[in-house]
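Text of the file protein01.cif, holding mmCIF, C-alpha atoms and all ligand atoms:
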```cif
data_work
#
loop_
_atom_site.label_atom_id
_atom_site.label_comp_id
_atom_site.auth_asym_id
_atom_site.auth_seq_id
_atom_site.Cartn_x
_atom_site.Cartn_y
_atom_site.Cartn_z
CA MET L 1 -72.63 -67.91 -20.10
CA ALA L 2 -73.47 -68.36 -16.43
CA GLN L 3 -70.70 -69.13 -13.98
CA VAL L 4 -71.34 -72.46 -12.25
CA LEU L 5 -70.01 -72.16 -8.71
CA LYS L 6 -69.61 -74.79 -5.99
CA ALA L 7 -71.55 -74.02 -2.83
CA SER L 8 -68.59 -72.83 -0.71
CA GLU L 9 -69.14 -70.18 1.98
CA GLU L 10 -67.14 -67.72 -0.11
CA ASN L 11 -69.19 -68.37 -3.25
CA LEU L 12 -72.47 -68.12 -1.34
CA LYS L 13 -71.37 -64.72 -0.03
CA ILE L 14 -70.58 -63.62 -3.60
CA ALA L 15 -74.00 -64.89 -4.73
CA ALA L 16 -75.73 -63.13 -1.84
CA GLU L 17 -74.07 -59.87 -2.90
CA VAL L 18 -75.47 -60.40 -6.42
CA ILE L 19 -78.96 -60.85 -4.91
CA ARG L 20 -78.53 -57.72 -2.75
CA LYS L 21 -77.61 -55.71 -5.86
CA GLY L 22 -80.76 -56.86 -7.68
CA GLY L 23 -79.21 -59.72 -9.68
CA LEU L 24 -80.45 -63.29 -10.11
CA VAL L 25 -78.91 -66.50 -8.79
CA ALA L 26 -79.97 -70.07 -9.52
CA PHE L 27 -79.58 -72.18 -6.40
CA PRO L 28 -80.45 -75.65 -5.10
CA THR L 29 -83.34 -76.38 -2.76
CA GLU L 30 -84.47 -79.81 -1.59
CA THR L 31 -87.35 -79.74 -4.15
CA VAL L 32 -85.87 -78.40 -7.42
CA TYR L 33 -83.36 -75.65 -8.36
CA GLY L 34 -84.79 -72.15 -7.93
CA LEU L 35 -84.13 -68.88 -9.80
CA GLY L 36 -83.82 -66.35 -7.00
CA GLY L 37 -83.99 -62.59 -6.66
CA ASP L 38 -84.60 -60.12 -3.81
CA ALA L 39 -88.34 -60.40 -3.07
CA PHE L 40 -88.45 -56.72 -2.04
CA ASN L 41 -86.87 -55.52 -5.30
CA PRO L 42 -89.54 -55.27 -8.04
CA ASP L 43 -86.92 -54.88 -10.80
CA ALA L 44 -85.17 -58.09 -9.78
CA VAL L 45 -88.49 -59.92 -9.72
CA ALA L 46 -89.40 -58.49 -13.13
CA ARG L 47 -86.19 -60.01 -14.49
CA ILE L 48 -87.19 -63.42 -13.11
CA PHE L 49 -90.38 -63.25 -15.21
CA GLU L 50 -88.37 -62.13 -18.24
CA VAL L 51 -85.69 -64.80 -17.96
CA LYS L 52 -88.21 -67.62 -17.49
CA GLU L 53 -90.64 -66.22 -20.10
CA ARG L 54 -93.19 -66.60 -17.34
CA PRO L 55 -96.65 -65.08 -17.80
CA SER L 56 -97.21 -62.19 -15.41
CA PHE L 57 -100.39 -63.78 -13.96
CA ASP L 58 -98.27 -66.44 -12.34
CA PRO L 59 -97.20 -65.52 -8.77
CA ILE L 60 -93.84 -66.50 -7.28
CA ILE L 61 -93.05 -68.23 -4.00
CA VAL L 62 -91.00 -66.26 -1.46
CA HIS L 63 -88.33 -68.20 0.45
CA ILE L 64 -87.27 -67.43 4.01
CA ALA L 65 -84.56 -68.80 6.29
CA ASP L 66 -86.09 -67.85 9.66
CA PHE L 67 -89.67 -68.21 10.79
CA ASP L 68 -89.66 -64.60 12.00
CA ASP L 69 -89.11 -63.39 8.41
CA ILE L 70 -92.70 -64.37 7.70
CA ARG L 71 -93.79 -61.25 9.59
CA ARG L 72 -92.13 -59.08 6.94
CA LEU L 73 -94.32 -60.75 4.30
CA CYS L 74 -97.70 -61.46 5.84
CA LYS L 75 -100.33 -59.42 7.64
CA LYS L 76 -101.35 -62.12 10.04
CA VAL L 77 -99.96 -65.56 10.75
CA ASP L 78 -102.88 -67.63 11.97
CA GLU L 79 -102.80 -70.68 14.21
CA ARG L 80 -103.03 -73.21 11.35
CA ALA L 81 -100.05 -71.64 9.60
CA LYS L 82 -98.05 -71.85 12.82
CA ILE L 83 -99.02 -75.49 13.28
CA LEU L 84 -98.09 -76.41 9.70
CA ALA L 85 -94.82 -74.47 9.86
CA GLU L 86 -93.94 -76.11 13.16
CA ARG L 87 -94.50 -79.56 11.68
CA PHE L 88 -93.24 -79.19 8.07
CA TRP L 89 -90.72 -76.32 8.01
CA PRO L 90 -88.05 -76.28 6.92
CA GLY L 91 -89.28 -78.45 4.06
CA PRO L 92 -91.30 -78.83 0.85
CA LEU L 93 -94.48 -77.04 1.95
CA THR L 94 -95.55 -73.60 0.70
CA ILE L 95 -98.16 -71.69 2.69
CA VAL L 96 -100.37 -69.01 1.09
CA LEU L 97 -101.40 -66.18 3.46
CA LYS L 98 -102.70 -62.59 3.19
CA LYS L 99 -99.80 -60.42 2.08
CA SER L 100 -98.44 -57.32 3.77
CA GLU L 101 -98.12 -54.07 1.76
CA ASN L 102 -94.33 -54.46 1.81
CA VAL L 103 -94.46 -57.26 -0.73
CA PRO L 104 -94.31 -55.85 -4.28
CA ASP L 105 -97.41 -56.67 -6.39
CA ILE L 106 -95.26 -58.16 -9.12
CA VAL L 107 -94.24 -61.01 -6.75
CA THR L 108 -97.85 -62.03 -6.15
CA ALA L 109 -99.14 -61.23 -9.65
CA GLY L 110 -101.44 -58.63 -8.13
CA LEU L 111 -103.07 -61.06 -5.68
CA ASP L 112 -103.61 -59.98 -2.08
CA THR L 113 -101.95 -63.21 -0.94
CA VAL L 114 -98.34 -64.31 -0.78
CA ALA L 115 -96.89 -67.82 -0.93
CA VAL L 116 -94.11 -68.48 1.61
CA ARG L 117 -91.76 -71.40 2.13
CA MET L 118 -88.79 -72.19 4.35
CA PRO L 119 -86.59 -74.63 2.40
CA SER L 120 -84.56 -77.24 4.27
CA HIS L 121 -81.58 -77.30 1.89
CA PRO L 122 -78.60 -75.86 3.82
CA VAL L 123 -77.29 -74.05 0.72
CA ALA L 124 -80.64 -72.34 0.14
CA ARG L 125 -80.84 -71.38 3.81
CA LYS L 126 -77.33 -69.91 3.82
CA LEU L 127 -77.92 -67.96 0.61
CA ILE L 128 -81.11 -66.43 2.03
CA GLY L 129 -79.34 -65.70 5.32
CA TYR L 130 -76.35 -63.99 3.68
CA SER L 131 -78.67 -62.03 1.37
CA LYS L 132 -80.49 -60.65 4.44
CA THR L 133 -83.73 -60.56 2.47
CA PRO L 134 -86.47 -63.04 1.54
CA ILE L 135 -85.77 -64.55 -1.89
CA ALA L 136 -88.49 -64.79 -4.53
CA ALA L 137 -87.78 -67.94 -6.52
CA PRO L 138 -89.73 -70.01 -9.03
CA SER L 139 -88.16 -73.13 -10.48
CA ALA L 140 -85.07 -72.32 -12.58
CA ASN L 141 -86.45 -73.47 -15.93
CA LEU L 142 -88.28 -71.93 -18.88
CA PHE L 143 -91.99 -71.61 -18.21
CA GLY L 144 -93.92 -74.83 -18.76
CA ARG L 145 -90.85 -76.99 -19.30
CA LEU L 146 -89.28 -79.74 -17.21
CA SER L 147 -88.13 -78.60 -13.77
CA PRO L 148 -84.39 -78.66 -13.03
CA THR L 149 -83.06 -81.04 -10.39
CA THR L 150 -79.35 -80.52 -11.20
CA ALA L 151 -77.20 -77.46 -11.97
CA GLU L 152 -76.66 -78.95 -15.43
CA HIS L 153 -80.43 -78.81 -16.14
CA VAL L 154 -80.42 -75.11 -15.17
CA LYS L 155 -77.46 -74.40 -17.41
CA GLU L 156 -79.12 -76.07 -20.40
CA GLN L 157 -82.27 -73.94 -20.18
CA LEU L 158 -81.08 -70.65 -18.63
CA GLY L 159 -77.27 -70.69 -18.85
CA ASP L 160 -77.12 -67.86 -21.38
CA ARG L 161 -79.57 -65.67 -19.44
CA ILE L 162 -78.26 -65.57 -15.86
CA ASP L 163 -74.95 -64.84 -14.15
CA ILE L 164 -74.56 -67.43 -11.41
CA ILE L 165 -75.65 -71.02 -10.87
CA ILE L 166 -74.78 -72.54 -7.49
CA ASP L 167 -74.12 -76.26 -7.93
CA ALA L 168 -74.73 -78.56 -4.98
CA GLY L 169 -75.61 -81.76 -6.81
CA ARG L 170 -79.04 -83.23 -7.30
CA CYS L 171 -82.12 -82.31 -5.29
CA GLU L 172 -83.25 -84.75 -2.59
CA VAL L 173 -87.02 -84.50 -3.00
CA GLY L 174 -87.08 -83.93 -6.76
CA VAL L 175 -90.63 -82.55 -7.13
CA GLU L 176 -91.83 -79.04 -6.24
CA SER L 177 -93.33 -78.07 -2.90
CA THR L 178 -96.94 -78.73 -1.98
CA VAL L 179 -98.82 -75.39 -2.03
CA ILE L 180 -101.62 -74.89 0.52
CA ASP L 181 -103.87 -71.82 0.68
CA LEU L 182 -104.84 -70.91 4.25
CA THR L 183 -106.71 -67.71 3.45
CA LYS L 184 -109.95 -69.73 3.43
CA GLU L 185 -110.89 -73.36 4.03
CA PRO L 186 -107.44 -75.05 3.68
CA THR L 187 -107.00 -75.84 -0.01
CA ILE L 188 -104.16 -77.60 -1.80
CA LEU L 189 -103.26 -75.57 -4.92
CA ARG L 190 -100.42 -77.85 -6.00
CA LEU L 191 -99.60 -81.42 -5.04
CA GLY L 192 -95.93 -81.78 -4.18
CA GLY L 193 -93.18 -82.94 -1.86
CA THR L 194 -95.26 -82.91 1.34
CA PRO L 195 -97.93 -85.64 1.07
CA VAL L 196 -101.53 -84.48 1.58
CA GLU L 197 -102.08 -87.39 3.99
CA GLU L 198 -99.36 -85.97 6.28
CA ILE L 199 -100.94 -82.50 6.20
CA GLU L 200 -104.38 -83.93 7.03
CA LYS L 201 -102.94 -85.68 10.08
CA VAL L 202 -102.10 -82.24 11.45
CA ILE L 203 -104.98 -79.95 10.41
CA GLY L 204 -107.74 -82.35 9.32
CA ARG L 205 -109.42 -82.63 5.91
CA VAL L 206 -108.20 -80.29 3.18
CA LYS L 207 -109.68 -79.51 -0.22
CA ILE L 208 -107.64 -80.35 -3.30
CA LEU L 209 -107.94 -77.94 -6.20
CA THR L 210 -105.26 -78.56 -8.77
CA ARG L 211 -107.04 -77.68 -12.02
CA SER L 212 -109.08 -74.65 -12.91
CA ASP L 213 -109.75 -72.36 -15.85
CA LYS L 214 -108.33 -69.37 -14.03
CA PRO L 215 -105.31 -70.82 -12.37
CA ARG L 216 -104.25 -69.42 -9.02
CA SER L 217 -101.28 -71.71 -9.28
CA PRO L 218 -99.49 -72.71 -12.53
CA GLY L 219 -99.41 -76.14 -11.09
CA GLN L 220 -103.12 -75.88 -12.03
CA LEU L 221 -102.56 -75.38 -15.74
CA SER L 222 -103.41 -78.54 -17.63
CA LYS L 223 -100.12 -78.55 -19.57
CA HIS L 224 -96.99 -77.85 -17.53
CA TYR L 225 -93.76 -79.58 -16.48
CA SER L 226 -93.51 -80.85 -20.06
CA PRO L 227 -90.80 -82.56 -22.06
CA LYS L 228 -90.61 -81.58 -25.75
CA THR L 229 -91.22 -85.19 -26.74
CA PRO L 230 -94.92 -86.18 -26.52
CA LEU L 231 -95.63 -88.17 -23.37
CA ARG L 232 -98.40 -90.72 -22.98
CA ILE L 233 -99.44 -92.34 -19.74
CA ILE L 234 -99.91 -96.11 -20.13
CA ARG L 235 -103.55 -97.03 -19.53
CA GLY L 236 -103.73 -100.62 -20.79
CA ASN L 237 -101.64 -102.16 -23.54
CA VAL L 238 -98.95 -100.13 -25.23
CA ALA L 239 -99.34 -100.08 -29.00
CA ILE L 240 -96.06 -98.77 -30.38
CA GLY L 241 -96.55 -97.59 -33.95
CA HIS L 242 -94.54 -99.14 -36.81
CA GLY L 243 -91.14 -97.45 -36.97
CA GLU L 244 -91.98 -95.35 -33.91
CA LYS L 245 -89.07 -94.80 -31.54
CA ALA L 246 -90.56 -95.18 -28.08
CA GLY L 247 -89.09 -94.60 -24.64
CA LEU L 248 -90.38 -96.00 -21.37
CA LEU L 249 -90.53 -94.25 -18.03
CA ALA L 250 -90.95 -97.25 -15.74
CA PHE L 251 -91.84 -97.17 -12.06
CA ARG L 252 -90.06 -100.49 -11.49
CA ARG L 253 -87.68 -102.52 -13.69
CA PRO L 254 -89.78 -104.07 -16.48
CA ASP L 255 -89.57 -107.70 -17.64
CA ASP L 256 -87.25 -108.32 -20.60
CA ASP L 257 -90.08 -109.01 -23.07
CA ILE L 258 -91.54 -105.58 -22.34
CA ALA L 259 -88.15 -103.84 -22.19
CA LYS L 260 -87.05 -105.03 -25.62
CA ARG L 261 -89.86 -103.08 -27.31
CA PHE L 262 -88.42 -99.76 -26.20
CA GLU L 263 -85.52 -97.76 -27.58
CA LYS L 264 -84.63 -96.33 -24.16
CA ILE L 265 -85.84 -97.05 -20.65
CA GLU L 266 -85.58 -95.08 -17.43
CA VAL L 267 -86.43 -96.95 -14.23
CA LEU L 268 -87.55 -94.68 -11.39
CA SER L 269 -87.24 -96.95 -8.36
CA SER L 270 -85.51 -100.07 -7.08
CA SER L 271 -86.97 -100.55 -3.59
CA ASN L 272 -89.58 -103.19 -2.73
CA ASP L 273 -91.01 -100.92 -0.06
CA LEU L 274 -93.74 -98.80 -1.68
CA ASN L 275 -93.09 -95.58 0.26
CA GLU L 276 -89.36 -95.81 -0.39
CA ALA L 277 -90.02 -96.61 -4.07
CA LEU L 278 -92.23 -93.51 -4.38
CA ARG L 279 -89.56 -91.39 -2.67
CA GLN L 280 -86.97 -92.66 -5.17
CA ALA L 281 -89.39 -92.12 -8.06
CA ALA L 282 -90.05 -88.48 -7.08
CA GLN L 283 -86.32 -87.86 -6.71
CA ASN L 284 -85.51 -89.34 -10.13
CA LEU L 285 -88.59 -88.16 -12.06
CA PHE L 286 -87.35 -84.97 -13.72
CA SER L 287 -83.80 -86.25 -14.37
CA ALA L 288 -85.24 -89.33 -16.05
CA LEU L 289 -87.57 -87.18 -18.16
CA HIS L 290 -84.69 -84.85 -19.12
CA ARG L 291 -82.68 -87.88 -20.33
CA LEU L 292 -85.60 -89.38 -22.26
CA ASP L 293 -86.32 -85.97 -23.78
CA LYS L 294 -82.76 -85.80 -25.13
CA ALA L 295 -82.84 -89.29 -26.67
CA ASN L 296 -84.52 -88.29 -29.96
CA LEU L 297 -87.59 -90.40 -29.33
CA ASP L 298 -90.95 -90.03 -31.05
CA VAL L 299 -92.88 -90.70 -27.88
CA ILE L 300 -92.34 -91.37 -24.17
CA TYR L 301 -94.66 -93.90 -22.51
CA ALA L 302 -94.99 -93.43 -18.74
CA GLU L 303 -96.14 -96.09 -16.31
CA GLN L 304 -98.62 -95.04 -13.66
CA VAL L 305 -97.56 -95.10 -10.00
CA PRO L 306 -99.88 -95.78 -7.04
CA GLU L 307 -101.60 -92.55 -6.03
CA ILE L 308 -100.74 -92.46 -2.38
CA GLY L 309 -98.27 -90.16 -0.59
CA LEU L 310 -95.73 -88.77 -3.07
CA GLY L 311 -97.42 -90.85 -5.79
CA LYS L 312 -100.10 -88.14 -6.02
CA ALA L 313 -97.53 -85.48 -6.91
CA ILE L 314 -95.81 -87.80 -9.40
CA MET L 315 -99.08 -88.63 -11.22
CA ASP L 316 -100.00 -84.92 -11.22
CA ARG L 317 -96.69 -84.12 -12.99
CA LEU L 318 -97.16 -86.96 -15.49
CA ARG L 319 -100.71 -85.87 -16.34
CA LYS L 320 -99.50 -82.32 -16.89
CA ALA L 321 -96.55 -83.54 -18.97
CA GLU L 322 -99.09 -85.44 -21.08
CA GLY L 323 -101.18 -82.28 -21.28
CA VAL L 324 -104.53 -83.96 -21.92
CA GLU L 325 -107.60 -82.33 -20.35
P1 LIG L 401 -92.90 -72.45 -9.33
O1 LIG L 401 -92.95 -71.51 -10.45
O2 LIG L 401 -92.59 -73.83 -9.80
O3 LIG L 401 -92.07 -72.03 -8.21
O4 LIG L 401 -94.40 -72.54 -8.77
C1 LIG L 401 -94.85 -71.64 -7.79
C2 LIG L 401 -96.19 -72.07 -7.31
O5 LIG L 401 -96.70 -71.33 -6.19
C3 LIG L 401 -97.16 -71.85 -8.39
O6 LIG L 401 -98.05 -72.92 -8.48
C4 LIG L 401 -97.79 -70.53 -7.97
O7 LIG L 401 -98.97 -70.18 -8.59
C5 LIG L 401 -97.96 -70.75 -6.52
N1 LIG L 401 -98.16 -69.46 -5.88
C6 LIG L 401 -97.25 -68.51 -5.67
N2 LIG L 401 -97.79 -67.43 -5.08
C7 LIG L 401 -99.10 -67.70 -4.90
C8 LIG L 401 -100.20 -66.97 -4.37
N3 LIG L 401 -100.06 -65.74 -3.86
N4 LIG L 401 -101.41 -67.56 -4.37
C9 LIG L 401 -101.55 -68.79 -4.88
N5 LIG L 401 -100.56 -69.54 -5.41
C10 LIG L 401 -99.34 -68.99 -5.42
MG MG L 402 -92.07 -74.22 -11.95
#
```
Please, can you express the file's structure as structure tokens?
Ligand code: AMP
Ligand code: MG
Amino acid sequence: MAQVLKASEENLKIAAEVIRKGGLVAFPTETVYGLGGDAFNPDAVARIFEVKERPSFDPIIVHIADFDDIRRLCKKVDERAKILAERFWPGPLTIVLKKSENVPDIVTAGLDTVAVRMPSHPVARKLIGYSKTPIAAPSANLFGRLSPTTAEHVKEQLGDRIDIIIDAGRCEVGVESTVIDLTKEPTILRLGGTPVEEIEKVIGRVKILTRSDKPRSPGQLSKHYSPKTPLRIIRGNVAIGHGEKAGLLAFRRPDDDIAKRFEKIEVLSSSNDLNEALRQAAQNLFSALHRLDKANLDVIYAEQVPEIGLGKAIMDRLRKAEGVE
């Protein structure tokens, strides 16, 4: 079973040594917990795929602690990348650029591009710094399942497959990074923790491409981020079947007459301010889904949230959890 370690300097140095020797470490970032290995070590990266049961067509994001590290990963860092990095790094934005030959093909699933992010979480930054190498890290969950926002979530899914989990509490942002491809007309490959509206303020209109038959980003698969319990987005009246045990994922606290129809309710936000409510909802989303998923329900009904700012990423995750084309 994995050792769950507090994020002390000493433990981070131990974890960094594990990374340097080709091992895997689960660690917190501001988005979700990541499963990290040395990005320049193809064997370590192969183990990431194995542990997650991740299909090999699905490339992995490389995490850096210093902007200069990007030069070890990419051929050319164009002006737009510099502008976006200046504005949003460290933070929940992943930038896709042409890769340098140094980056093993297994990291990028054979693509000639590499996805790079500088996380803002101090524990992630220290771990990368002590490891003295960029860290390849997808979310620390089994492929297609709910993303982990606590060390406990990681332990439940991967505890018997990895050696170390660094525990630094819950993740601030709670949804994965926004992925933007800059190798052509700027294109969003995954909606996430950096709102598209904020990106457009800096570089102008961007294309949004989050679904396709040949995904360049697993965020583009139509079923992903899924609980085991079937999830249905509420689009009108809820008709709970006779004897059906239903849970409710509510954006705001529901009235009592609605609440009493459900076996279990998770409320995502408490603020009256919409932006703050969406921030809270993103932060609580996966934890709430993990709890509903463990409650032995027949079905989870999910309320829609307004599709602005972080609301876009939340609705994207709910649609994928529902898994309907
Ligand atoms: P996760 O497994 O949750 O970390 O998701 C990583 C995301 O980054 C996925 O949507 C990947 O497909 C995307 N990604 C990583 N590398 C690339 C790349 N070279 N080109 C396009 N998307 C990428
Ligand atoms: Mg993931």
(request) Go through the chains and note each residue within 8 Å of ligand LIG 401 (chain L), using only C-alpha atoms and all ligand atoms, then give the set as a ChimeraX atom specification. (result) /L:34,58-62,94,96-97,99,107-109,111-116,137-139,143,147,176-177,179,181,189-190,215-220
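Of note, atom CA of L:Pro42 and atom CA of L:Val103 are spaced 9.0 Å apart.
With distances restricted to only C-alpha atoms, L:Ile164 is the closest residue to L:Val18 from L:Ala85, L:Ile164, L:Val77, L:Ile106.
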(request) Give as an MDAnalysis selection string every residue, naming chains and numbers as the document does, that has an atom within 12 Å of (-89.2, -87.7, -7.2), counting only C-alpha atoms. (result) chainID L and resid 30:32 147:149 170:177 192:194 251 267:269 275:289 305 309:318
(request) Considering all atoms listed in the file, return as a VMD selection string whatever protein or nucleic-acid residues lie within 6 Å of L:Ser100, sequence-local ones (same chain, fewer than 5 positions apart) excluded. (result) chain L and resid 73 to 75
(message) Could you check the closest approach to L:Ile64 for each of L:Ile208, L:Leu127, L:Leu248, L:Ile180 and tell me which residue wins, using only C-alpha atoms?
(response) L:Leu127
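Between ligand MG 402 (chain L) and the candidates L:Ile234, L:Val51, L:Ala140, L:Ile128, the tightest atom-to-atom separation, counting only C-alpha atoms and all ligand atoms, involves L:Ala140.
Remark: for ligand MG 402 (chain L), the closest of the candidate residues L:Ser270, L:Asn296, L:Thr183, L:Ser226 is L:Ser226 (distances computed over all atoms listed in the file).
Nearest-residue note for ligand MG 402 (chain L): choosing from L:Ile14, L:Ala295, L:Ile48, L:Leu146, the minimum distance belongs to L:Leu146, counting all atoms listed in the file.
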(request) Could you jot down the atom CA of L:Phe57 to atom CA of L:Ile135 separation for me, Å, one decimal place? (result) 19.0 Å
